[in-house]
Amino acid sequence: MTGRRRIRSTFLPQHHRPVRAPVLAAGALVACASLVTGCGVVPGTTGGSGDDPIKVMTWAPSDTEATNKPGMPAFAQAYARWINSKGGINGRKLTVLTCNEHNDAVSAAQCARRAVKENVVAVVGSYSQYGDSFFPPLEGAGIPYIGGYGVTNDEFTSPLSYPVNGGQPTLLAGLGKELAGDCGNVSLVRPDTIAGDELPVLLDSGLTTGGHRAANDVRAADDASEYSAQSTKALAGSTSGAPAAGAKKGCVVPALGDRTSTFMDSFRRDREDYPAVRTAMAMGSVDQTVIDASGGASGPYEGSYITGWYPVESDARWASMKKVINAEAFGDNRIDSADAGVQTTWIAYTVFKKVVESLGSGEVSADSVRGALNDGLKIPTGGLTPALRWTTRDTWSSADDLASVGFPRMVNAHVTFQVVRQGQLVAARKGFTDVTRTLQNADVN
């Protein structure tokens, strides 16, 4: 993986476009429902009607000084080559347009406007921190956003969004729940930003659900070149109190996104002066590439707990994705099967393929794709997630349980628990853990 998610991204319900955007989006949905040709792709255009190719877009930042996810659009193009070699979807070729989002609000909006201009039927498997910039153009045109990375709050609130994972909220809530039974004192090191202010709330929701006291809150600049002061404060907080026989080790949880590696450099030096502690973090702050680069089994991540959205990369359920990579992108070093971005893109295209197949010989447009999703189509992902299902009907869905905490579009609040053993990320527990109830205990409103 070549880039990692910046934790400064906003997941806070109160920072979402207040009322205007959801109202406009709802209006767009009503308009599309009553005038099918008014949104998305009209019959006869190149979006996917008749025998025309089905056109979608995947975007992500590349060649920036911050977070980079070049593997996502690269894999999307490899997927298109693979599916077209099999005859396409329902006999229709798949055309994937890509856009470099540049990790910039202006570029994100430009990618979205290009998607509208090109009459794509969906944006699939993409990454952007700038939901406020790219959702308005998509909402105005009725274009669904399927399988974003889960990096913004907008992805869990926009009626045009169909997320396949639970983003940062589920990872931190799940991590807290896991650490509650295994750790003594817990110290959280997080950005001293508005978005960072919500991270203790999410972690503590898991800790308190497990009967544990809240974590020590250690604030840090999200662009520092070293973190010795924060490292020593976290170590002191997690090892405070007189040691007792059989006492649980303290735990340090760095949640600094792409600065986590910088923190761990300081932590490696400072921890020698303190009793032994364990480290834990959410996927996006660390991956197998980072573990390898830091020394593998002899590095600072050995023994760390990790929460993720999906099974570990060595799990047999990724075999189909790996076949696509081997067949169409062998040697492309942008694409890493262990990259959560690549994995999310695979799942997003799995969802899209199932939607198109459900339409049979009917029109494939932004409106019909969105309609199939909103009608409650249940989509299996080969065990990589629970079956996914969105709906706008008056029937219960898992999103109903999460709407009260500001995540009405979240339908997958499941996480996996992993641990670094002998330098490799391996499953710490079989199966998924649902953190819906834990999130409901989080005071994020």
# chains A, B, ... in the order shown; residues from 1 in each chain; ligands from 1
$ select_by_dssp --residues "range 39-249 of chain A" --states "helix (DSSP H, G or I)" --output "MDAnalysis selection string"
chainID A and resid 71:85 105:117 131:141 153:156 167:179 196:209 228:238
$ residues_around --residues "Asn185 in chain A" --least-positions-apart "3" --cutoff "8 Å" --atoms "only C-alpha atoms" --output "PyMOL selection string"
chain A and resi 215-216+237-240+249-251
$ write_last_selection --atoms "all heavy atoms" --output "PDB file, in the first residue's frame"
ATOM      1  N   ALA A 215     -10.171   6.229  28.151  1.00  0.00           N
ATOM      2  CA  ALA A 215      -8.741   6.315  27.849  1.00  0.00           C
ATOM      3  C   ALA A 215      -8.171   7.667  28.263  1.00  0.00           C
ATOM      4  O   ALA A 215      -8.877   8.681  28.308  1.00  0.00           O
ATOM      5  CB  ALA A 215      -8.511   6.094  26.355  1.00  0.00           C
ATOM      6  N   ASN A 216      -6.872   7.681  28.566  1.00  0.00           N
ATOM      7  CA  ASN A 216      -6.156   8.944  28.730  1.00  0.00           C
ATOM      8  C   ASN A 216      -6.058   9.607  27.367  1.00  0.00           C
ATOM      9  O   ASN A 216      -5.687   8.955  26.384  1.00  0.00           O
ATOM     10  CB  ASN A 216      -4.744   8.692  29.282  1.00  0.00           C
ATOM     11  CG  ASN A 216      -4.758   7.956  30.609  1.00  0.00           C
ATOM     12  OD1 ASN A 216      -5.432   8.368  31.536  1.00  0.00           O
ATOM     13  ND2 ASN A 216      -4.017   6.845  30.679  1.00  0.00           N
ATOM     14  N   GLY A 237       0.935   7.499  31.189  1.00  0.00           N
ATOM     15  CA  GLY A 237      -0.468   7.293  31.493  1.00  0.00           C
ATOM     16  C   GLY A 237      -0.880   5.838  31.464  1.00  0.00           C
ATOM     17  O   GLY A 237      -1.726   5.405  32.250  1.00  0.00           O
ATOM     18  N   SER A 238      -0.284   5.058  30.587  1.00  0.00           N
ATOM     19  CA  SER A 238      -0.676   3.652  30.460  1.00  0.00           C
ATOM     20  C   SER A 238       0.040   2.744  31.448  1.00  0.00           C
ATOM     21  O   SER A 238      -0.317   1.572  31.588  1.00  0.00           O
ATOM     22  CB  SER A 238      -0.421   3.157  29.024  1.00  0.00           C
ATOM     23  OG  SER A 238       0.946   3.268  28.699  1.00  0.00           O
ATOM     24  N   THR A 239       1.053   3.266  32.137  1.00  0.00           N
ATOM     25  CA  THR A 239       1.792   2.447  33.100  1.00  0.00           C
ATOM     26  C   THR A 239       1.704   3.009  34.511  1.00  0.00           C
ATOM     27  O   THR A 239       2.420   2.544  35.407  1.00  0.00           O
ATOM     28  CB  THR A 239       3.278   2.334  32.698  1.00  0.00           C
ATOM     29  OG1 THR A 239       3.850   3.654  32.627  1.00  0.00           O
ATOM     30  CG2 THR A 239       3.426   1.640  31.371  1.00  0.00           C
ATOM     31  N   SER A 240       0.846   4.007  34.733  1.00  0.00           N
ATOM     32  CA  SER A 240       0.747   4.627  36.052  1.00  0.00           C
ATOM     33  C   SER A 240       0.099   3.672  37.043  1.00  0.00           C
ATOM     34  O   SER A 240      -0.641   2.759  36.672  1.00  0.00           O
ATOM     35  CB  SER A 240      -0.076   5.913  35.974  1.00  0.00           C
ATOM     36  OG  SER A 240      -1.399   5.628  35.554  1.00  0.00           O
ATOM     37  N   LYS A 249      -1.302  -5.477  31.170  1.00  0.00           N
ATOM     38  CA  LYS A 249      -0.428  -4.456  30.605  1.00  0.00           C
ATOM     39  C   LYS A 249      -1.262  -3.258  30.145  1.00  0.00           C
ATOM     40  O   LYS A 249      -2.393  -3.399  29.701  1.00  0.00           O
ATOM     41  CB  LYS A 249       0.338  -5.008  29.405  1.00  0.00           C
ATOM     42  CG  LYS A 249       1.397  -6.034  29.731  1.00  0.00           C
ATOM     43  CD  LYS A 249       2.120  -6.457  28.459  1.00  0.00           C
ATOM     44  CE  LYS A 249       3.191  -7.494  28.752  1.00  0.00           C
ATOM     45  NZ  LYS A 249       3.880  -7.935  27.505  1.00  0.00           N
ATOM     46  N   GLY A 250      -0.648  -2.088  30.244  1.00  0.00           N
ATOM     47  CA  GLY A 250      -1.274  -0.913  29.669  1.00  0.00           C
ATOM     48  C   GLY A 250      -1.202  -0.965  28.156  1.00  0.00           C
ATOM     49  O   GLY A 250      -0.418  -1.735  27.574  1.00  0.00           O
ATOM     50  N   CYS A 251      -2.028  -0.160  27.509  1.00  0.00           N
ATOM     51  CA  CYS A 251      -2.066  -0.130  26.041  1.00  0.00           C
ATOM     52  C   CYS A 251      -1.982   1.308  25.541  1.00  0.00           C
ATOM     53  O   CYS A 251      -2.622   2.204  26.111  1.00  0.00           O
ATOM     54  CB  CYS A 251      -3.349  -0.774  25.522  1.00  0.00           C
ATOM     55  SG  CYS A 251      -3.450  -2.565  25.789  1.00  0.00           S
TER      56      CYS A 251
END
$ residues_around --residues "Asp223 in chain A" --least-positions-apart "6" --cutoff "10 Å" --atoms "only C-alpha atoms" --output "list in words"
Pro191, Leu256, Asp258, Arg259 and Thr262 of chain A
$ closest_residue --among "A:Ala78, A:Ala316, A:Val419, A:Ala247" --to "Tyr301 in chain A" --atoms "only C-alpha atoms"
A:Val419
$ residues_around --residues "Val435 in chain A" --least-positions-apart "2" --cutoff "8 Å" --atoms "only C-alpha atoms" --output "VMD selection string"
chain A and resid 170 173 to 174 413 to 415 433 437 to 439
$ write_last_selection --atoms "C-alpha atoms" --output "PDB file, in the first residue's frame"
ATOM      1  CA  THR A 170     -16.523   1.307  13.569  1.00  0.00           C
ATOM      2  CA  ALA A 173     -15.446   1.656  18.619  1.00  0.00           C
ATOM      3  CA  GLY A 174     -14.502  -1.952  17.866  1.00  0.00           C
ATOM      4  CA  ALA A 413     -20.934  -1.879  11.280  1.00  0.00           C
ATOM      5  CA  HIS A 414     -18.884  -5.077  11.425  1.00  0.00           C
ATOM      6  CA  VAL A 415     -15.145  -5.166  12.100  1.00  0.00           C
ATOM      7  CA  THR A 433     -17.874  -8.362  15.406  1.00  0.00           C
ATOM      8  CA  ARG A 437     -24.726  -1.249  19.818  1.00  0.00           C
ATOM      9  CA  THR A 438     -21.349   0.141  20.774  1.00  0.00           C
ATOM     10  CA  LEU A 439     -21.757   3.062  18.365  1.00  0.00           C
TER      11      LEU A 439
END
$ closest_residue --among "A:Gln343, A:Gln168, A:Pro311, A:Leu425" --to "Ile325 in chain A" --atoms "only C-alpha atoms"
A:Gln343
$ residues_around --residues "Val290 in chain A" --least-positions-apart "5" --cutoff "12 Å" --atoms "only C-alpha atoms" --output "list of chain:residue names"
A:Met1, A:Thr2, A:Gly3, A:Arg4, A:Asp258, A:Arg259, A:Thr260, A:Ser261, A:Thr262, A:Met264, A:Met283, A:Gly284, A:Ser285, A:Gly295, A:Gly296, A:Ala297, A:Gly299, A:Pro300, A:Tyr301, A:Glu302, A:Ala338, A:Asp339, A:Val420, A:Gly423, A:Gln424, A:Leu425
$ write_last_selection --atoms "C-alpha atoms" --output "mmCIF file, in the first residue's frame"
data_model
loop_
_atom_site.group_PDB
_atom_site.id
_atom_site.type_symbol
_atom_site.label_atom_id
_atom_site.label_comp_id
_atom_site.auth_asym_id
_atom_site.auth_seq_id
_atom_site.Cartn_x
_atom_site.Cartn_y
_atom_site.Cartn_z
ATOM 1 C CA MET A 1 0.000 0.000 0.000
ATOM 2 C CA THR A 2 1.405 3.362 -0.909
ATOM 3 C CA GLY A 3 -0.731 5.694 1.158
ATOM 4 C CA ARG A 4 -2.668 5.804 4.398
ATOM 5 C CA ASP A 258 -0.172 8.821 8.138
ATOM 6 C CA ARG A 259 1.831 10.242 11.076
ATOM 7 C CA THR A 260 1.456 7.037 13.075
ATOM 8 C CA SER A 261 4.750 5.735 11.724
ATOM 9 C CA THR A 262 6.449 8.942 12.866
ATOM 10 C CA MET A 264 6.110 4.862 16.454
ATOM 11 C CA MET A 283 -6.485 -0.078 9.880
ATOM 12 C CA GLY A 284 -5.465 2.960 7.878
ATOM 13 C CA SER A 285 -2.822 3.890 10.428
ATOM 14 C CA GLY A 295 11.405 -4.205 10.742
ATOM 15 C CA GLY A 296 8.716 -6.873 10.696
ATOM 16 C CA ALA A 297 8.890 -9.141 13.748
ATOM 17 C CA GLY A 299 9.771 -3.736 14.690
ATOM 18 C CA PRO A 300 7.560 -1.670 17.000
ATOM 19 C CA TYR A 301 4.297 -3.157 15.709
ATOM 20 C CA GLU A 302 4.968 -6.716 16.850
ATOM 21 C CA ALA A 338 -3.222 -6.109 1.263
ATOM 22 C CA ASP A 339 -4.244 -2.478 0.650
ATOM 23 C CA VAL A 420 0.811 -8.686 14.361
ATOM 24 C CA GLY A 423 5.790 -9.605 11.587
ATOM 25 C CA GLN A 424 2.559 -10.670 9.868
ATOM 26 C CA LEU A 425 -1.011 -9.443 10.254
#
$ atom_distance --atom1 "CA of Val120 in chain A" --atom2 "CA of Glu363 in chain A"
13.3 Å
$ residues_around --residues "range 143-150 of chain A" --least-positions-apart "4" --cutoff "6 Å" --atoms "only C-alpha atoms" --output "VMD selection string"
chain A and resid 40 122 to 127 138 160 to 164 167 348 366
$ closest_residue --among "A:Ala229, A:Ala236, A:Ala220, A:Val342" --to "Tyr310 in chain A" --atoms "only C-alpha atoms"
A:Val342
